[in-house]
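Here is the structure we will look at.
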Amino acid sequence: MNKLLASALVSIGFITMAASPVMAQTPNSPTNSGAQTHNHARHQHQHRALGTPSERVEARLAYIKTALKITDAQQPQWNAFADTLRKQAAARDKQFQERRANKAQGHGHMQVSVIERMERQQQRLAAAAQMLGERLAVQKPLYAMLTVEQKQVANRVLSPRGGNGKNRHHGARRTA
């Protein structure tokens, strides 16, 4: 029991010594402000790295095509699928530009009623359903042309929410 107590006290001592330099820094210390600047710069880089929906869809299409190992015989279905995703990404680019322009003109902070919010949500959901229908219309023929091995890969890489059937935005983990 004494060895356990002594071990615990030594551990607490080491933890206290290791934590004291961190606690000694004030919020305005150069080390802390440097870390904040680094975090801000990293956040800005990550934001820029995401790019536009059109840029992201091109990277995603390249990944999917490589992962599926699309053959020459499957190329027409692939092209239809890729063109649909590109068209949808271009539409999202346009929406983002319109929102950014509205925000720059000061329209971004206007108070809207609960009814207006619900109508906007209904419009977004209708647009999402239409886009899903378009994607399904071109993805079905592509999927039908795939081999059994390709379908196994497709079940993972073509899923809109990370391949495991769960929505990543609600704490689900993405599987490899």
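Residues are referred to by chain and number: the chain letter is A, B, ... according to the order shown in the structure tokens, the number counts from 1 in that chain, and ligands are numbered separately from 1 in the order shown.
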
Sorted by chain and rising residue number, list the residues of range 104-165 of chain A at most 9 Å from range 61-64 of chain A (counting only C-alpha atoms), each with its closest atom pair and distance in Å to one decimal, as a Markdown table.
| residue | atom | partner | partner_atom | distance |
| --- | --- | --- | --- | --- |
| A:Ala154 | CA | A:Ile64 | CA | 8.1 |
| A:Val157 | CA | A:Ile64 | CA | 6.4 |
| A:Leu158 | CA | A:Ile64 | CA | 7.4 |

Spatial neighbours of Leu146 in chain A, max dist 12 Å, only C-alpha atoms, sep filter under 5 positions, as an NGL selection string | :A and (65 or 68-75 or 77-78 or 139-141 or 151-155)

Pick out the residues sitting within 10 Å of range 87-97 of chain A, and hand them over as a PyMOL selection string; count only C-alpha atoms, and ignore anything fewer than 6 positions along from it in its own chain.
-> chain A and resi 52-58+103+131-132+134-135

Those residues you just picked out, can you put them in a file as a CSV table (one decimal), in the first residue's frame with N, CA and C atoms?
chain,number,residue,atom,x,y,z
A,52,THR,N,-13.6,25.2,-54.2
A,52,THR,CA,-15.0,25.3,-54.6
A,52,THR,C,-15.6,23.9,-54.8
A,53,PRO,N,-16.9,23.8,-54.8
A,53,PRO,CA,-17.5,22.5,-55.1
A,53,PRO,C,-17.0,21.8,-56.4
A,54,SER,N,-16.8,22.6,-57.4
A,54,SER,CA,-16.2,22.1,-58.7
A,54,SER,C,-14.8,21.5,-58.5
A,55,GLU,N,-14.0,22.2,-57.8
A,55,GLU,CA,-12.6,21.7,-57.5
A,55,GLU,C,-12.7,20.4,-56.7
A,56,ARG,N,-13.6,20.4,-55.7
A,56,ARG,CA,-13.6,19.2,-54.9
A,56,ARG,C,-14.2,18.0,-55.7
A,57,VAL,N,-15.2,18.3,-56.6
A,57,VAL,CA,-15.8,17.1,-57.3
A,57,VAL,C,-14.8,16.6,-58.3
A,58,GLU,N,-13.9,17.4,-58.8
A,58,GLU,CA,-12.9,16.8,-59.8
A,58,GLU,C,-11.9,15.9,-59.0
A,103,LYS,N,-24.4,38.6,-49.1
A,103,LYS,CA,-23.8,38.9,-47.8
A,103,LYS,C,-22.9,40.2,-47.9
A,131,MET,N,-31.5,16.7,-57.1
A,131,MET,CA,-30.1,16.4,-57.3
A,131,MET,C,-29.9,14.9,-57.0
A,132,LEU,N,-30.5,14.4,-56.0
A,132,LEU,CA,-30.4,13.0,-55.7
A,132,LEU,C,-31.0,12.1,-56.8
A,134,GLU,N,-31.3,13.0,-60.0
A,134,GLU,CA,-30.4,13.0,-61.1
A,134,GLU,C,-29.2,12.1,-61.0
A,135,ARG,N,-28.6,12.1,-59.8
A,135,ARG,CA,-27.5,11.3,-59.5
A,135,ARG,C,-27.8,9.8,-59.6

Could you state the separation of CA of Arg117 in chain A and CA of Ser159 in chain A in Å, given to one decimal place?
-> 29.0 Å

Enter the distance from CA of Met145 in chain A to CA of Ala126 in chain A, in Å, rounded to one decimal.
->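 It comes out at 29.5 Å.
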
Record the distance separating CA of Ala129 in chain A and CA of Thr66 in chain A, expressed in Å with one decimal.
-> 27.9 Å

Apply DSSP to the backbone of this structure and, from range 42-158 of chain A, keep only the residues in alpha helix (DSSP H); write these as a ChimeraX atom specification.
-> /A:42-50,53-68,75-104,114-145,148-157

Once you have the residues from the selection above, write them out as a JSON list (two decimals), in the first residue's frame, restricted to C-alpha atoms.
[["chain", "number", "residue", "atom", "x", "y", "z"],
["A", 42, "ARG", "CA", -3.90, 26.56, -40.30],
["A", 43, "HIS", "CA", -7.67, 27.15, -40.26],
["A", 44, "GLN", "CA", -7.36, 29.60, -43.16],
["A", 45, "HIS", "CA", -5.24, 27.10, -45.13],
["A", 46, "GLN", "CA", -7.75, 24.32, -44.52],
["A", 47, "HIS", "CA", -10.57, 26.62, -45.64],
["A", 48, "ARG", "CA", -8.73, 27.47, -48.87],
["A", 49, "ALA", "CA", -7.70, 23.86, -49.41],
["A", 50, "LEU", "CA", -11.33, 22.83, -49.65],
["A", 53, "PRO", "CA", -17.47, 22.46, -55.09],
["A", 54, "SER", "CA", -16.25, 22.12, -58.70],
["A", 55, "GLU", "CA", -12.65, 21.72, -57.54],
["A", 56, "ARG", "CA", -13.64, 19.19, -54.91],
["A", 57, "VAL", "CA", -15.76, 17.15, -57.31],
["A", 58, "GLU", "CA", -12.87, 16.83, -59.75],
["A", 59, "ALA", "CA", -10.65, 15.42, -57.02],
["A", 60, "ARG", "CA", -13.44, 13.11, -55.86],
["A", 61, "LEU", "CA", -14.13, 11.86, -59.40],
["A", 62, "ALA", "CA", -10.44, 11.12, -59.96],
["A", 63, "TYR", "CA", -10.36, 9.14, -56.72],
["A", 64, "ILE", "CA", -13.54, 7.19, -57.51],
["A", 65, "LYS", "CA", -12.47, 6.37, -61.06],
["A", 66, "THR", "CA", -9.12, 5.08, -59.84],
["A", 67, "ALA", "CA", -10.68, 3.11, -56.99],
["A", 68, "LEU", "CA", -13.27, 1.50, -59.29],
["A", 75, "GLN", "CA", -16.50, 4.65, -69.87],
["A", 76, "PRO", "CA", -19.85, 5.88, -71.35],
["A", 77, "GLN", "CA", -21.69, 5.24, -68.07],
["A", 78, "TRP", "CA", -18.79, 6.77, -66.14],
["A", 79, "ASN", "CA", -18.87, 9.90, -68.32],
["A", 80, "ALA", "CA", -22.61, 10.37, -67.73],
["A", 81, "PHE", "CA", -22.09, 9.96, -63.97],
["A", 82, "ALA", "CA", -19.10, 12.35, -63.91],
["A", 83, "ASP", "CA", -20.88, 14.97, -66.04],
["A", 84, "THR", "CA", -23.88, 14.94, -63.70],
["A", 85, "LEU", "CA", -21.69, 15.45, -60.64],
["A", 86, "ARG", "CA", -19.83, 18.26, -62.42],
["A", 87, "LYS", "CA", -23.12, 19.96, -63.37],
["A", 88, "GLN", "CA", -24.36, 19.74, -59.78],
["A", 89, "ALA", "CA", -21.06, 21.11, -58.44],
["A", 90, "ALA", "CA", -21.28, 24.04, -60.87],
["A", 91, "ALA", "CA", -24.79, 24.78, -59.57],
["A", 92, "ARG", "CA", -23.45, 24.78, -55.98],
["A", 93, "ASP", "CA", -20.62, 27.11, -57.08],
["A", 94, "LYS", "CA", -23.23, 29.52, -58.42],
["A", 95, "GLN", "CA", -25.27, 29.32, -55.20],
["A", 96, "PHE", "CA", -22.19, 30.07, -53.08],
["A", 97, "GLN", "CA", -21.30, 33.06, -55.27],
["A", 98, "GLU", "CA", -24.85, 34.40, -55.01],
["A", 99, "ARG", "CA", -24.83, 34.01, -51.21],
["A", 100, "ARG", "CA", -21.45, 35.69, -50.97],
["A", 101, "ALA", "CA", -22.68, 38.59, -53.13],
["A", 102, "ASN", "CA", -25.83, 38.97, -51.00],
["A", 103, "LYS", "CA", -23.76, 38.94, -47.84],
["A", 104, "ALA", "CA", -21.40, 41.56, -49.26],
["A", 114, "VAL", "CA", -40.18, 31.38, -39.12],
["A", 115, "ILE", "CA", -42.37, 30.94, -42.20],
["A", 116, "GLU", "CA", -39.63, 32.27, -44.50],
["A", 117, "ARG", "CA", -37.10, 29.92, -42.89],
["A", 118, "MET", "CA", -39.44, 26.96, -43.41],
["A", 119, "GLU", "CA", -40.04, 27.95, -47.04],
["A", 120, "ARG", "CA", -36.28, 28.19, -47.62],
["A", 121, "GLN", "CA", -35.81, 24.80, -46.01],
["A", 122, "GLN", "CA", -38.54, 23.35, -48.23],
["A", 123, "GLN", "CA", -36.77, 24.78, -51.31],
["A", 124, "ARG", "CA", -33.42, 23.33, -50.20],
["A", 125, "LEU", "CA", -34.96, 19.92, -49.58],
["A", 126, "ALA", "CA", -36.72, 19.95, -52.95],
["A", 127, "ALA", "CA", -33.45, 20.89, -54.68],
["A", 128, "ALA", "CA", -31.61, 18.14, -52.78],
["A", 129, "ALA", "CA", -34.25, 15.58, -53.80],
["A", 130, "GLN", "CA", -33.94, 16.66, -57.43],
["A", 131, "MET", "CA", -30.13, 16.38, -57.31],
["A", 132, "LEU", "CA", -30.36, 12.96, -55.70],
["A", 133, "GLY", "CA", -32.77, 11.83, -58.42],
["A", 134, "GLU", "CA", -30.37, 13.04, -61.13],
["A", 135, "ARG", "CA", -27.46, 11.26, -59.49],
["A", 136, "LEU", "CA", -29.43, 8.05, -59.04],
["A", 137, "ALA", "CA", -30.49, 8.12, -62.71],
["A", 138, "VAL", "CA", -26.84, 8.03, -63.86],
["A", 139, "GLN", "CA", -25.42, 5.97, -61.02],
["A", 140, "LYS", "CA", -27.77, 2.99, -61.54],
["A", 141, "PRO", "CA", -26.54, 2.19, -65.06],
["A", 142, "LEU", "CA", -22.92, 2.66, -63.98],
["A", 143, "TYR", "CA", -23.40, 0.37, -60.99],
["A", 144, "ALA", "CA", -25.10, -2.25, -63.19],
["A", 145, "MET", "CA", -21.99, -2.35, -65.45],
["A", 148, "VAL", "CA", -18.66, -7.92, -58.32],
["A", 149, "GLU", "CA", -15.29, -6.60, -57.06],
["A", 150, "GLN", "CA", -16.01, -3.13, -58.39],
["A", 151, "LYS", "CA", -19.45, -3.14, -56.73],
["A", 152, "GLN", "CA", -17.82, -3.87, -53.37],
["A", 153, "VAL", "CA", -15.59, -0.84, -53.83],
["A", 154, "ALA", "CA", -18.51, 1.23, -55.18],
["A", 155, "ASN", "CA", -20.59, 0.46, -52.10],
["A", 156, "ARG", "CA", -17.90, 2.26, -50.12],
["A", 157, "VAL", "CA", -16.71, 5.07, -52.40]]
